[in-house]
Structures are given as structure tokens and as C-alpha cells.
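Enquirer: Handing you a structure now.
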Amino acid sequence: MARRVSIFGATGSIGQNTIDLIARAPDDYDVVALTGSSNVAQLARDAIALKAEVAVTAREDLLDDLRAALAGSGVEAAAGQEALEEAASRPADWVMSAIVGSAGLKPGLRALEQGAVLALANKESLVCAGELILKTARENNTRLLPVDSEHSAVFQGLVGEDMAAVERIIITASGGAFRDWPFEALQHATLAEASSHPNWDMGQRITIDSASMFNKALELIETKEYFGVRPDQIEAVIHPESLIHAIVGFVDGALMAHVGPPDMRHAIGYALHYPERRDLPVARLDLPQIAQLTFREPDLRRYPALRLAREVMERGGLSGAIFNAAKERALDAFIAERIGFLEMAEVVEEVLTRFEADPGRIDAPMTLDNVMQTDHLAREMADHVMAERAG
Ligand code: NDP
Ligand code: MG
């Protein structure tokens, strides 16, 4: 029987890779919903090709364009936040969460509430609301499957293992666009320079987050939330080849590494076919040709985001939501060329410090309302901090 699947963030980098896999075996899937935001032309093309029930754009101002592009196809068109949530509430067996940013949280929760397995690329959901999203999965007798490559690698390393035997989890980082730049040059790094990744082909935001290692910072927090380990059990190491994605260390000293090509279709395909393994259209590695794998310690002066992630993991509560929201606003400002590359971490650190004056907010119960309100306040605070610095 065909499986019912939906893809949130279908027009993005993860979404398009997911569609690539699904389109190779169209008879295996009934596509329920595809969603996007600005790129309605792509959304409509894919929705028609995959015979989706509904296509949703997050942008209400683009509903007419989407309707026009879908005219006569039989695919329903919808727009806006409520439409996204409604689409997530439609029964599906498997839902890909690949919207970028905290905007991905609500649709993911809706999908879990109707019992779907949630393939989670949207790392911000776990960073902002780890406890809430895991609880929602438990209460609805379903589960999350990690799609972030490092977390998929850890997950695969844990199959058949007892969590009590896990000593450490090591996630690797490419080091991003500036790993070989002198520190002094980072101050003048441009948007174009930060937007190209040495190993992976991804959306612009995560590519810039790789250069600053805010991406790895989010992933450290994501590791703590998803696998329930202590912060001191989680390490990040620079591995410029991006072939080992993560390593699980056990109490007997064994390290189990996950090795594979830097192609997100592996992690997406693993989550799509779990618990089976199926043939995937990814390159096979030639080890003699690779010849060597190298590792280095990340320099915390160059990557202050990693230090901030440690503070957030120790602090817990809603500090992840504050960290992520401040990071999203600082990234918006860097993309708009209003602040410099190194300033992003300074803004996030300042926002975290100011929230410390209101510990009740950080320790408020993790409800959806509290998370969304905190996200909103942290964005306002980030804007305020940036306005002060500019003035
Ligand atoms: P992209 O920027 O390529 O795509 C983002 C998707 O979200 C697009 O479909 C976009 O629509 C949609 N979108 C943007 N803003 C909103 C909004 N406010 N509401 C609803 N939808 C919106 O991102 P990626 O595919 O690179 O990343 C997606 C998620 O997966 C992120 O959380 C990222 O951190 C994570 N991830 C990505 C990896 C990768 O290899 N790319 C690896 C691991 C994790 P449109 O384009 O039509 O405007
Ligand atoms: Mg990753």
C-alpha cells in the first residue's frame, strides 16, 4: 500500500532532495501536502508532478499566484500559517519537517499530533522546544527521526545499543567557508564569501551558519535534546573532509563512526525507509582515493557560537529558544548587510545576558505559548541590541 507523505519546506534544499527520492518510486507514495514560501512556481510544478492533495505557501500575498500556477491540475491551493497547520493535520504516515527556522515548530507539532512519524531536518524545533516536541511524539505514540546528517549518523550508531553504555557523542564539523582564514580577516568577511560551503550544497542560511559554526552550536543542543545525554558527553570536532558525520563512544572505549558521502539524500533516505535500509542514489566512497581523514580542535575564539551553545545546554529551560531567535535575527541582519560576520555572535551573547535578568522567563514551563512568546521577545531584544549598537 502506498504510504501517505507530506513535505514541509518542499521548495528548499532538503525538500528538493526529499522530492528527488520520492519521485524515483512514485507508486510507493501518496503525496498529501507540499509546502513552500516564496518559490510558488517550483511548489506548483512539484505538486502537479507528484499529484499532491494540497500545495501551501506560507505567504498569503502569493495565494493568487499559486492558484494560477495550479489551475486545472486538481491540486488544492492554500496560503498562510493556519493553512500550513491545517495541512500538517491531514493524516499522513511520514512527514518531512524542512522549513527553515522556528517557523517549522508548529507544523511539526501538528504532524505529530495526528500520529505521523516526523522526519526532522528542522533543527530549530529541538533547540527551541526539545522537551515539548519529544513529549508530543510520546503522547501520540509516534516518533521523531533525525535528518540532520550528524544526528542521523549518531542514531544509526545507536541501533541495537544500550544508551547506558554510551560515554560520549562526537559530531563533526567541516569548519565552514572560513576554516582556513586568519582570524583577523573574519571581521571583514562578506555575505557572498559566507554563503559558499566547501563540502555541502545547502540553503543559504545554514551555509552561513556553517561558516560561523552557529550551525554546529544548534547541533550540539539538538544532540543533547534528542539523545538525552549530558552536555559534557557531547563534543564537536573539525573534520574538513566531511566524510565522518558523527562518532558514538562507548564505555569500553570503542568508537563507532558513521562514514558516508556528504549528500543529504543519505540521511533523508534513511529516515524515509527506516527501519529498513534501501539502495540510495548516493556516491560510494573509494577509501584509497580519499587516503586520509583529518581532525582538529575547534578554536573557540574563532567560533564563539560553540561556547554560547555550551552555556545554553547548561542553562536549559527556554534558553535554547532565546539563543535560536537571537541568532535568526542576527543572521537576518548579516544577510541584509547591516552587521558584520563576527557581530552575529556578539549580538546573541548580549541577548542571552540580558535575559538572565529575567530568570522566570527562561525557566517558564515549556508550553507552545511560552516558546512562541519567548521567541518573539528574543527577536525584539536582538533588534533592540542591534539598534543600540548602530546608534
Ligand atoms: P532552504 O532555505 O533551502 O529551504 C527552506 C524551506 O522553508 C523552503 O521551502 C522555504 O520556502 C521555506 N520557508 C522559508 N521561510 C518560511 C516560513 N517563514 N514559513 C514557512 N516556510 C518557510 O533551507 P534548507 O533546506 O537548507 O534547510 C531546511 C531545514 O533543514 C533548516 O532547519 C536547516 O537547518 C535544516 N538542515 C538542512 C540541511 C541541508 O543540507 N540543507 C542539513 C541539515 C539540516 P521558499 O524557498 O519557497 O521561500
Ligand atoms: Mg548537520
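Here's how to read the names in the C-alpha cells: chain A, B, ... by the order shown, residue numbers from 1 in each chain, ligand numbers from 1 in the order shown.
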Using only C-alpha atoms and all ligand atoms, which protein or nucleic acid residues are at most 6 Å from ligand 2, as a count of residues only?
Expert: 3
Enquirer: With a distance cut-off of 12 Å and only C-alpha atoms, select the neighbouring residues of Ile290 of chain A, excluding the residue or stretch itself and same-chain residues fewer than 6 positions from it, and output the selection as JSON, numbers by chain.
Expert: {"A": [241, 242, 243, 259, 260, 261, 284]}
Enquirer: Once you count only C-alpha atoms and all ligand atoms, what closest atom pair and distance in Å to one decimal does each residue of chain A within 7 Å of ligand 1 have, with rows by chain and rising residue number, as a tab-separated table?
Expert:
```
residue	atom	partner	partner_atom_place_in_ligand_line	distance
A:Phe8	CA	ligand 1	9 (O)	6.9
A:Gly9	CA	ligand 1	9 (O)	3.2
A:Ala10	CA	ligand 1	9 (O)	4.7
A:Thr11	CA	ligand 1	9 (O)	3.8
A:Gly12	CA	ligand 1	4 (O)	3.1
A:Ser13	CA	ligand 1	25 (O)	3.6
A:Ile14	CA	ligand 1	25 (O)	3.9
A:Gly15	CA	ligand 1	25 (O)	5.9
A:Thr35	CA	ligand 1	9 (O)	6.6
A:Gly36	CA	ligand 1	11 (O)	3.9
A:Ser37	CA	ligand 1	47 (O)	3.6
A:Ser38	CA	ligand 1	48 (O)	3.7
A:Asn39	CA	ligand 1	47 (O)	3.6
A:Val40	CA	ligand 1	47 (O)	6.1
A:Ala58	CA	ligand 1	20 (C)	4.8
A:Ala98	CA	ligand 1	28 (C)	4.3
A:Ile99	CA	ligand 1	7 (O)	3.5
A:Val100	CA	ligand 1	31 (C)	3.9
A:Gly101	CA	ligand 1	32 (O)	5.4
A:Ala103	CA	ligand 1	19 (N)	5.2
A:Gly104	CA	ligand 1	20 (C)	6.7
A:Ala121	CA	ligand 1	30 (O)	4.2
A:Asn122	CA	ligand 1	32 (O)	3.4
A:Lys123	CA	ligand 1	32 (O)	5.0
A:Glu124	CA	ligand 1	32 (O)	5.9
A:Val147	CA	ligand 1	43 (C)	6.6
A:Asp148	CA	ligand 1	43 (C)	4.0
A:Ser149	CA	ligand 1	43 (C)	6.0
A:Trp200	CA	ligand 1	40 (O)	6.8
A:Asp201	CA	ligand 1	40 (O)	6.4
A:Met202	CA	ligand 1	41 (N)	3.7
A:Gly203	CA	ligand 1	26 (O)	3.4
A:Gln204	CA	ligand 1	2 (O)	6.0
A:Arg205	CA	ligand 1	2 (O)	6.2
A:Ile206	CA	ligand 1	34 (O)	5.3
A:Met264	CA	ligand 1	40 (O)	5.7
```
Enquirer: For Glu53 of chain A, which residue among A:Ala77, A:Ala41, A:His245, A:Ile339 is the nearest when counting only C-alpha atoms?
Expert: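 Residue with the minimum atom-to-atom distance to Glu53 of chain A: A:Ala77.
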Enquirer: Choose the residue, out of A:Thr57, A:Thr142, A:Asn199, A:Thr223, that has the smallest atom-to-atom separation from Ala92 of chain A; count only C-alpha atoms.
Expert: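 So, comparing all the options, the nearest one is A:Thr142.
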Enquirer: Name the closest residue to Glu337 of chain A among the candidates A:Phe323, A:Ala192, A:Glu314, A:Ala211; distances are taken between atoms, counting only C-alpha atoms.
Expert: A:Ala192
Enquirer: Check the smallest atom-to-atom distance from each of A:Ile208, A:Ala2, A:Ala87, A:Leu293 to Ile238 of chain A using only C-alpha atoms, then report the winner.
Expert: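 Using only C-alpha atoms, the shortest distance to Ile238 of chain A belongs to A:Leu293.
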Enquirer: Nearest residue to Ile22 of chain A out of A:His384, A:Lys327, A:Arg265, A:Lys106, using only C-alpha atoms?
Expert: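 Among A:His384, A:Lys327, A:Arg265, A:Lys106, it is A:Arg265 that comes nearest to Ile22 of chain A.
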Enquirer: Could you check which of A:Leu186, A:Glu356, A:Trp181, A:Ile171 is closest to Glu297 of chain A, using only C-alpha atoms?
Expert: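 Between A:Leu186, A:Glu356, A:Trp181, A:Ile171, the residue approaching Glu297 of chain A most closely is A:Ile171.
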Enquirer: Using only C-alpha atoms, which residues sit within 12 Å of Ala68 of chain A once same-chain residues fewer than 2 positions away are excluded, as an MDAnalysis selection string?
Expert: chainID A and resid 40:41 44:45 62:66 70:78
Enquirer: Quick one: pull the distance between atom CA of Arg329 of chain A and atom CA of Asn17 of chain A, Å, one decimal.
Expert: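 Interatomic distance, atom CA of Arg329 of chain A to atom CA of Asn17 of chain A: 27.0 Å.
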Enquirer: Can you tell me which residues surround Asn141 of chain A at a distance of at most 12 Å, considering only C-alpha atoms, apart from same-chain residues fewer than 4 positions away, and format the answer as a PDB file with C-alpha atoms, in the first residue's frame?
Expert:
```pdb
ATOM      1  CA  LEU A 112       2.971  14.533  15.457  1.00  0.00           C
ATOM      2  CA  GLU A 113      -0.486  15.162  16.952  1.00  0.00           C
ATOM      3  CA  GLN A 114      -2.114  13.326  14.047  1.00  0.00           C
ATOM      4  CA  GLY A 115       0.292  10.444  14.611  1.00  0.00           C
ATOM      5  CA  ALA A 116       2.740  10.859  11.730  1.00  0.00           C
ATOM      6  CA  VAL A 117       6.374   9.861  12.007  1.00  0.00           C
ATOM      7  CA  LEU A 118       8.223  13.178  11.835  1.00  0.00           C
ATOM      8  CA  LEU A 134       9.574  14.804  22.288  1.00  0.00           C
ATOM      9  CA  LYS A 135       6.627  14.754  24.682  1.00  0.00           C
ATOM     10  CA  THR A 136       4.185  15.358  21.818  1.00  0.00           C
ATOM     11  CA  ALA A 137       5.674  12.412  19.922  1.00  0.00           C
TER      12      ALA A 137
END
```
Enquirer: Got a sec to tell me which of segment 53-119 of chain A DSSP assigns to alpha helix (DSSP H), as a PDB file with all heavy atoms, in the first residue's frame?
Expert:
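As written to disk, result.pdb reads:
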```pdb
ATOM      1  N   LEU A  63      -0.972  33.762  -2.712  1.00  0.00           N
ATOM      2  CA  LEU A  63      -2.017  32.751  -2.942  1.00  0.00           C
ATOM      3  C   LEU A  63      -2.543  32.798  -4.379  1.00  0.00           C
ATOM      4  O   LEU A  63      -2.726  31.755  -5.014  1.00  0.00           O
ATOM      5  CB  LEU A  63      -3.165  32.911  -1.933  1.00  0.00           C
ATOM      6  CG  LEU A  63      -4.320  31.922  -2.093  1.00  0.00           C
ATOM      7  CD1 LEU A  63      -3.844  30.468  -2.001  1.00  0.00           C
ATOM      8  CD2 LEU A  63      -5.410  32.172  -1.043  1.00  0.00           C
ATOM      9  N   ASP A  64      -2.761  34.006  -4.899  1.00  0.00           N
ATOM     10  CA  ASP A  64      -3.288  34.109  -6.268  1.00  0.00           C
ATOM     11  C   ASP A  64      -2.307  33.515  -7.284  1.00  0.00           C
ATOM     12  O   ASP A  64      -2.716  32.827  -8.212  1.00  0.00           O
ATOM     13  CB  ASP A  64      -3.595  35.567  -6.620  1.00  0.00           C
ATOM     14  CG  ASP A  64      -4.830  36.073  -5.879  1.00  0.00           C
ATOM     15  OD1 ASP A  64      -5.593  35.209  -5.370  1.00  0.00           O
ATOM     16  OD2 ASP A  64      -5.025  37.296  -5.790  1.00  0.00           O
ATOM     17  N   ASP A  65      -1.024  33.780  -7.073  1.00  0.00           N
ATOM     18  CA  ASP A  65      -0.006  33.227  -7.986  1.00  0.00           C
ATOM     19  C   ASP A  65      -0.027  31.699  -7.929  1.00  0.00           C
ATOM     20  O   ASP A  65       0.084  31.020  -8.951  1.00  0.00           O
ATOM     21  CB  ASP A  65       1.410  33.696  -7.599  1.00  0.00           C
ATOM     22  CG  ASP A  65       1.582  35.190  -7.812  1.00  0.00           C
ATOM     23  OD1 ASP A  65       0.617  35.838  -8.259  1.00  0.00           O
ATOM     24  OD2 ASP A  65       2.682  35.703  -7.516  1.00  0.00           O
ATOM     25  N   LEU A  66      -0.135  31.170  -6.710  1.00  0.00           N
ATOM     26  CA  LEU A  66      -0.142  29.713  -6.550  1.00  0.00           C
ATOM     27  C   LEU A  66      -1.383  29.124  -7.225  1.00  0.00           C
ATOM     28  O   LEU A  66      -1.295  28.125  -7.948  1.00  0.00           O
ATOM     29  CB  LEU A  66      -0.092  29.337  -5.064  1.00  0.00           C
ATOM     30  CG  LEU A  66      -0.070  27.847  -4.750  1.00  0.00           C
ATOM     31  CD1 LEU A  66       1.170  27.160  -5.348  1.00  0.00           C
ATOM     32  CD2 LEU A  66      -0.108  27.596  -3.239  1.00  0.00           C
ATOM     33  N   ARG A  67      -2.534  29.768  -7.001  1.00  0.00           N
ATOM     34  CA  ARG A  67      -3.783  29.298  -7.632  1.00  0.00           C
ATOM     35  C   ARG A  67      -3.643  29.275  -9.147  1.00  0.00           C
ATOM     36  O   ARG A  67      -4.039  28.308  -9.793  1.00  0.00           O
ATOM     37  CB  ARG A  67      -4.938  30.250  -7.275  1.00  0.00           C
ATOM     38  CG  ARG A  67      -5.557  29.929  -5.956  1.00  0.00           C
ATOM     39  CD  ARG A  67      -7.004  30.470  -5.909  1.00  0.00           C
ATOM     40  NE  ARG A  67      -7.540  30.197  -4.590  1.00  0.00           N
ATOM     41  CZ  ARG A  67      -7.836  31.133  -3.690  1.00  0.00           C
ATOM     42  NH1 ARG A  67      -7.703  32.422  -3.992  1.00  0.00           N
ATOM     43  NH2 ARG A  67      -8.296  30.789  -2.513  1.00  0.00           N
ATOM     44  N   ALA A  68      -3.084  30.343  -9.684  1.00  0.00           N
ATOM     45  CA  ALA A  68      -2.932  30.440 -11.145  1.00  0.00           C
ATOM     46  C   ALA A  68      -2.034  29.318 -11.646  1.00  0.00           C
ATOM     47  O   ALA A  68      -2.327  28.670 -12.657  1.00  0.00           O
ATOM     48  CB  ALA A  68      -2.361  31.805 -11.524  1.00  0.00           C
ATOM     49  N   ALA A  69      -0.939  29.062 -10.920  1.00  0.00           N
ATOM     50  CA  ALA A  69       0.011  28.039 -11.365  1.00  0.00           C
ATOM     51  C   ALA A  69      -0.582  26.631 -11.262  1.00  0.00           C
ATOM     52  O   ALA A  69      -0.150  25.721 -11.969  1.00  0.00           O
ATOM     53  CB  ALA A  69       1.297  28.130 -10.551  1.00  0.00           C
ATOM     54  N   LEU A  70      -1.578  26.463 -10.379  1.00  0.00           N
ATOM     55  CA  LEU A  70      -2.181  25.128 -10.196  1.00  0.00           C
ATOM     56  C   LEU A  70      -3.481  24.956 -10.972  1.00  0.00           C
ATOM     57  O   LEU A  70      -4.082  23.870 -10.942  1.00  0.00           O
ATOM     58  CB  LEU A  70      -2.459  24.888  -8.703  1.00  0.00           C
ATOM     59  CG  LEU A  70      -1.243  24.707  -7.791  1.00  0.00           C
ATOM     60  CD1 LEU A  70      -1.665  24.694  -6.324  1.00  0.00           C
ATOM     61  CD2 LEU A  70      -0.497  23.424  -8.142  1.00  0.00           C
ATOM     62  N   GLN A  81      -0.192  30.830   7.687  1.00  0.00           N
ATOM     63  CA  GLN A  81       0.162  29.982   8.823  1.00  0.00           C
ATOM     64  C   GLN A  81      -0.901  28.935   9.151  1.00  0.00           C
ATOM     65  O   GLN A  81      -0.588  27.775   9.401  1.00  0.00           O
ATOM     66  CB  GLN A  81       0.387  30.844  10.071  1.00  0.00           C
ATOM     67  CG  GLN A  81       1.738  31.534  10.095  1.00  0.00           C
ATOM     68  CD  GLN A  81       2.877  30.562   9.791  1.00  0.00           C
ATOM     69  OE1 GLN A  81       2.985  29.509  10.413  1.00  0.00           O
ATOM     70  NE2 GLN A  81       3.719  30.897   8.828  1.00  0.00           N
ATOM     71  N   GLU A  82      -2.168  29.383   9.161  1.00  0.00           N
ATOM     72  CA  GLU A  82      -3.226  28.423   9.513  1.00  0.00           C
ATOM     73  C   GLU A  82      -3.325  27.314   8.484  1.00  0.00           C
ATOM     74  O   GLU A  82      -3.558  26.150   8.819  1.00  0.00           O
ATOM     75  CB  GLU A  82      -4.568  29.137   9.657  1.00  0.00           C
ATOM     76  CG  GLU A  82      -4.715  29.730  11.048  1.00  0.00           C
ATOM     77  CD  GLU A  82      -5.981  30.555  11.199  1.00  0.00           C
ATOM     78  OE1 GLU A  82      -6.989  30.228  10.528  1.00  0.00           O
ATOM     79  OE2 GLU A  82      -5.942  31.521  11.983  1.00  0.00           O
ATOM     80  N   ALA A  83      -3.137  27.690   7.222  1.00  0.00           N
ATOM     81  CA  ALA A  83      -3.194  26.686   6.154  1.00  0.00           C
ATOM     82  C   ALA A  83      -2.045  25.688   6.312  1.00  0.00           C
ATOM     83  O   ALA A  83      -2.220  24.487   6.067  1.00  0.00           O
ATOM     84  CB  ALA A  83      -3.137  27.374   4.790  1.00  0.00           C
ATOM     85  N   LEU A  84      -0.875  26.171   6.736  1.00  0.00           N
ATOM     86  CA  LEU A  84       0.256  25.255   6.970  1.00  0.00           C
ATOM     87  C   LEU A  84      -0.099  24.257   8.067  1.00  0.00           C
ATOM     88  O   LEU A  84       0.157  23.056   7.945  1.00  0.00           O
ATOM     89  CB  LEU A  84       1.498  26.034   7.409  1.00  0.00           C
ATOM     90  CG  LEU A  84       2.336  26.720   6.338  1.00  0.00           C
ATOM     91  CD1 LEU A  84       3.456  27.524   6.985  1.00  0.00           C
ATOM     92  CD2 LEU A  84       2.924  25.695   5.375  1.00  0.00           C
ATOM     93  N   GLU A  85      -0.693  24.780   9.141  1.00  0.00           N
ATOM     94  CA  GLU A  85      -1.051  23.886  10.251  1.00  0.00           C
ATOM     95  C   GLU A  85      -2.153  22.915   9.854  1.00  0.00           C
ATOM     96  O   GLU A  85      -2.143  21.749  10.240  1.00  0.00           O
ATOM     97  CB  GLU A  85      -1.455  24.708  11.476  1.00  0.00           C
ATOM     98  CG  GLU A  85      -0.259  25.416  12.087  1.00  0.00           C
ATOM     99  CD  GLU A  85      -0.609  26.136  13.368  1.00  0.00           C
ATOM    100  OE1 GLU A  85      -1.250  25.522  14.239  1.00  0.00           O
ATOM    101  OE2 GLU A  85      -0.257  27.322  13.488  1.00  0.00           O
ATOM    102  N   GLU A  86      -3.096  23.421   9.061  1.00  0.00           N
ATOM    103  CA  GLU A  86      -4.187  22.545   8.596  1.00  0.00           C
ATOM    104  C   GLU A  86      -3.612  21.413   7.746  1.00  0.00           C
ATOM    105  O   GLU A  86      -3.979  20.242   7.892  1.00  0.00           O
ATOM    106  CB  GLU A  86      -5.232  23.377   7.822  1.00  0.00           C
ATOM    107  CG  GLU A  86      -6.510  22.632   7.448  1.00  0.00           C
ATOM    108  CD  GLU A  86      -6.384  21.737   6.224  1.00  0.00           C
ATOM    109  OE1 GLU A  86      -5.638  22.087   5.283  1.00  0.00           O
ATOM    110  OE2 GLU A  86      -7.021  20.661   6.213  1.00  0.00           O
ATOM    111  N   ALA A  87      -2.664  21.763   6.871  1.00  0.00           N
ATOM    112  CA  ALA A  87      -2.051  20.748   6.000  1.00  0.00           C
ATOM    113  C   ALA A  87      -1.293  19.718   6.853  1.00  0.00           C
ATOM    114  O   ALA A  87      -1.299  18.519   6.546  1.00  0.00           O
ATOM    115  CB  ALA A  87      -1.117  21.412   4.998  1.00  0.00           C
ATOM    116  N   ALA A  88      -0.668  20.206   7.941  1.00  0.00           N
ATOM    117  CA  ALA A  88       0.086  19.287   8.808  1.00  0.00           C
ATOM    118  C   ALA A  88      -0.857  18.365   9.572  1.00  0.00           C
ATOM    119  O   ALA A  88      -0.469  17.279  10.005  1.00  0.00           O
ATOM    120  CB  ALA A  88       0.960  20.076   9.774  1.00  0.00           C
ATOM    121  N   SER A  89      -2.107  18.796   9.743  1.00  0.00           N
ATOM    122  CA  SER A  89      -3.089  17.981  10.479  1.00  0.00           C
ATOM    123  C   SER A  89      -3.730  16.908   9.608  1.00  0.00           C
ATOM    124  O   SER A  89      -4.438  16.049  10.107  1.00  0.00           O
ATOM    125  CB  SER A  89      -4.201  18.861  11.040  1.00  0.00           C
ATOM    126  OG  SER A  89      -3.641  19.859  11.843  1.00  0.00           O
ATOM    127  N   LEU A 105       8.339  24.853  13.781  1.00  0.00           N
ATOM    128  CA  LEU A 105       7.904  24.169  15.008  1.00  0.00           C
ATOM    129  C   LEU A 105       6.425  23.751  14.990  1.00  0.00           C
ATOM    130  O   LEU A 105       6.098  22.590  15.229  1.00  0.00           O
ATOM    131  CB  LEU A 105       8.204  25.053  16.229  1.00  0.00           C
ATOM    132  CG  LEU A 105       7.723  24.522  17.577  1.00  0.00           C
ATOM    133  CD1 LEU A 105       8.361  23.182  17.923  1.00  0.00           C
ATOM    134  CD2 LEU A 105       8.003  25.528  18.706  1.00  0.00           C
ATOM    135  N   LYS A 106       5.534  24.724  14.715  1.00  0.00           N
ATOM    136  CA  LYS A 106       4.095  24.417  14.807  1.00  0.00           C
ATOM    137  C   LYS A 106       3.641  23.348  13.822  1.00  0.00           C
ATOM    138  O   LYS A 106       2.944  22.408  14.233  1.00  0.00           O
ATOM    139  CB  LYS A 106       3.273  25.691  14.617  1.00  0.00           C
ATOM    140  CG  LYS A 106       3.110  26.481  15.897  1.00  0.00           C
ATOM    141  CD  LYS A 106       2.038  27.544  15.688  1.00  0.00           C
ATOM    142  CE  LYS A 106       2.134  28.615  16.754  1.00  0.00           C
ATOM    143  NZ  LYS A 106       1.272  29.761  16.426  1.00  0.00           N
ATOM    144  N   PRO A 107       3.997  23.450  12.545  1.00  0.00           N
ATOM    145  CA  PRO A 107       3.584  22.370  11.641  1.00  0.00           C
ATOM    146  C   PRO A 107       4.104  21.004  12.105  1.00  0.00           C
ATOM    147  O   PRO A 107       3.394  19.999  12.007  1.00  0.00           O
ATOM    148  CB  PRO A 107       4.187  22.769  10.289  1.00  0.00           C
ATOM    149  CG  PRO A 107       4.409  24.248  10.369  1.00  0.00           C
ATOM    150  CD  PRO A 107       4.672  24.555  11.818  1.00  0.00           C
ATOM    151  N   GLY A 108       5.324  20.975  12.650  1.00  0.00           N
ATOM    152  CA  GLY A 108       5.878  19.705  13.139  1.00  0.00           C
ATOM    153  C   GLY A 108       5.049  19.134  14.277  1.00  0.00           C
ATOM    154  O   GLY A 108       4.765  17.929  14.318  1.00  0.00           O
ATOM    155  N   LEU A 109       4.637  20.002  15.197  1.00  0.00           N
ATOM    156  CA  LEU A 109       3.809  19.537  16.322  1.00  0.00           C
ATOM    157  C   LEU A 109       2.465  19.009  15.829  1.00  0.00           C
ATOM    158  O   LEU A 109       1.983  17.968  16.286  1.00  0.00           O
ATOM    159  CB  LEU A 109       3.585  20.674  17.330  1.00  0.00           C
ATOM    160  CG  LEU A 109       4.811  21.063  18.175  1.00  0.00           C
ATOM    161  CD1 LEU A 109       4.551  22.356  18.931  1.00  0.00           C
ATOM    162  CD2 LEU A 109       5.189  19.938  19.144  1.00  0.00           C
ATOM    163  N   ARG A 110       1.869  19.731  14.864  1.00  0.00           N
ATOM    164  CA  ARG A 110       0.572  19.274  14.312  1.00  0.00           C
ATOM    165  C   ARG A 110       0.715  17.892  13.677  1.00  0.00           C
ATOM    166  O   ARG A 110      -0.150  17.031  13.824  1.00  0.00           O
ATOM    167  CB  ARG A 110       0.041  20.254  13.266  1.00  0.00           C
ATOM    168  CG  ARG A 110      -0.383  21.597  13.795  1.00  0.00           C
ATOM    169  CD  ARG A 110      -1.696  21.522  14.578  1.00  0.00           C
ATOM    170  NE  ARG A 110      -1.869  22.730  15.356  1.00  0.00           N
ATOM    171  CZ  ARG A 110      -1.399  22.933  16.591  1.00  0.00           C
ATOM    172  NH1 ARG A 110      -0.759  21.956  17.216  1.00  0.00           N
ATOM    173  NH2 ARG A 110      -1.583  24.070  17.221  1.00  0.00           N
ATOM    174  N   ALA A 111       1.817  17.711  12.955  1.00  0.00           N
ATOM    175  CA  ALA A 111       2.023  16.418  12.285  1.00  0.00           C
ATOM    176  C   ALA A 111       2.141  15.299  13.317  1.00  0.00           C
ATOM    177  O   ALA A 111       1.576  14.217  13.141  1.00  0.00           O
ATOM    178  CB  ALA A 111       3.272  16.489  11.407  1.00  0.00           C
ATOM    179  N   LEU A 112       2.844  15.552  14.408  1.00  0.00           N
ATOM    180  CA  LEU A 112       2.971  14.533  15.457  1.00  0.00           C
ATOM    181  C   LEU A 112       1.617  14.251  16.100  1.00  0.00           C
ATOM    182  O   LEU A 112       1.283  13.107  16.405  1.00  0.00           O
ATOM    183  CB  LEU A 112       3.968  14.987  16.531  1.00  0.00           C
ATOM    184  CG  LEU A 112       5.441  15.017  16.121  1.00  0.00           C
ATOM    185  CD1 LEU A 112       6.277  15.722  17.191  1.00  0.00           C
ATOM    186  CD2 LEU A 112       5.973  13.602  15.881  1.00  0.00           C
ATOM    187  N   GLU A 113       0.818  15.331  16.288  1.00  0.00           N
ATOM    188  CA  GLU A 113      -0.486  15.162  16.952  1.00  0.00           C
ATOM    189  C   GLU A 113      -1.421  14.256  16.144  1.00  0.00           C
ATOM    190  O   GLU A 113      -2.274  13.593  16.715  1.00  0.00           O
ATOM    191  CB  GLU A 113      -1.139  16.527  17.188  1.00  0.00           C
ATOM    192  CG  GLU A 113      -0.512  17.259  18.371  1.00  0.00           C
ATOM    193  CD  GLU A 113      -0.820  18.745  18.380  1.00  0.00           C
ATOM    194  OE1 GLU A 113      -1.582  19.216  17.504  1.00  0.00           O
ATOM    195  OE2 GLU A 113      -0.270  19.439  19.265  1.00  0.00           O
TER     196      GLU A 113
END
```
Enquirer: Report as a list of chain:residue names all protein, DNA and RNA residues lying within 9 Å of Lys216 of chain A, evaluated on only C-alpha atoms, omitting residues in the same chain fewer than 6 positions from it.
Expert: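 So, after excluding close chain neighbours, the residues are A:Ile171, A:Thr172, A:Ala173, A:Asp209, A:Ser210, A:Ala236, A:Ala305, A:Leu306, A:Ala309.
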Enquirer: Please indicate the distance in Å from atom CA of Ser102 of chain A to atom CA of Ala390 of chain A, rounded to one decimal place.
Expert: 26.1 Å
Enquirer: Among segment 232-345 of chain A, which ones does DSSP assign to strand (DSSP E) (computed from the backbone)? Answer as a short mmCIF file (atom, residue, chain, number, x, y, z; two decimals) with N, CA and C atoms, in the first residue's frame.
Expert:
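result26.cif, written as the output of this step:
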```
data_model
loop_
_atom_site.label_atom_id
_atom_site.label_comp_id
_atom_site.auth_asym_id
_atom_site.auth_seq_id
_atom_site.Cartn_x
_atom_site.Cartn_y
_atom_site.Cartn_z
N ILE A 234 29.06 15.55 25.08
CA ILE A 234 28.95 15.89 23.66
C ILE A 234 30.14 16.73 23.22
N GLU A 235 30.75 16.33 22.13
CA GLU A 235 31.92 17.06 21.61
C GLU A 235 31.69 17.43 20.15
N ALA A 236 32.33 18.53 19.72
CA ALA A 236 32.35 18.87 18.29
C ALA A 236 33.80 18.91 17.86
N VAL A 237 34.11 18.29 16.73
CA VAL A 237 35.49 18.29 16.25
C VAL A 237 35.47 18.69 14.77
N ILE A 238 36.49 19.45 14.36
CA ILE A 238 36.56 19.85 12.95
C ILE A 238 37.15 18.70 12.13
N ILE A 244 33.21 11.56 7.82
CA ILE A 244 32.68 11.01 9.07
C ILE A 244 31.69 12.04 9.59
N HIS A 245 30.46 11.63 9.85
CA HIS A 245 29.44 12.60 10.25
C HIS A 245 29.27 12.68 11.76
N ALA A 246 29.47 11.55 12.42
CA ALA A 246 29.42 11.54 13.88
C ALA A 246 30.04 10.23 14.36
N ILE A 247 30.41 10.23 15.63
CA ILE A 247 31.02 9.05 16.24
C ILE A 247 30.37 8.86 17.60
N VAL A 248 29.97 7.61 17.89
CA VAL A 248 29.45 7.32 19.23
C VAL A 248 30.56 6.58 19.98
N GLY A 249 30.89 7.09 21.18
CA GLY A 249 31.90 6.45 22.01
C GLY A 249 31.23 5.67 23.13
N PHE A 250 31.65 4.41 23.34
CA PHE A 250 31.04 3.56 24.35
C PHE A 250 31.97 3.40 25.57
N LEU A 255 34.90 3.37 19.55
CA LEU A 255 34.26 4.49 18.86
C LEU A 255 33.62 3.93 17.60
N MET A 256 32.33 4.16 17.42
CA MET A 256 31.65 3.70 16.20
C MET A 256 31.38 4.94 15.34
N ALA A 257 32.08 5.00 14.20
CA ALA A 257 31.95 6.17 13.33
C ALA A 257 31.00 5.88 12.18
N HIS A 258 30.26 6.87 11.78
CA HIS A 258 29.43 6.77 10.58
C HIS A 258 30.14 7.50 9.45
N VAL A 259 30.45 6.76 8.39
CA VAL A 259 31.20 7.32 7.26
C VAL A 259 30.32 7.29 6.03
#
```
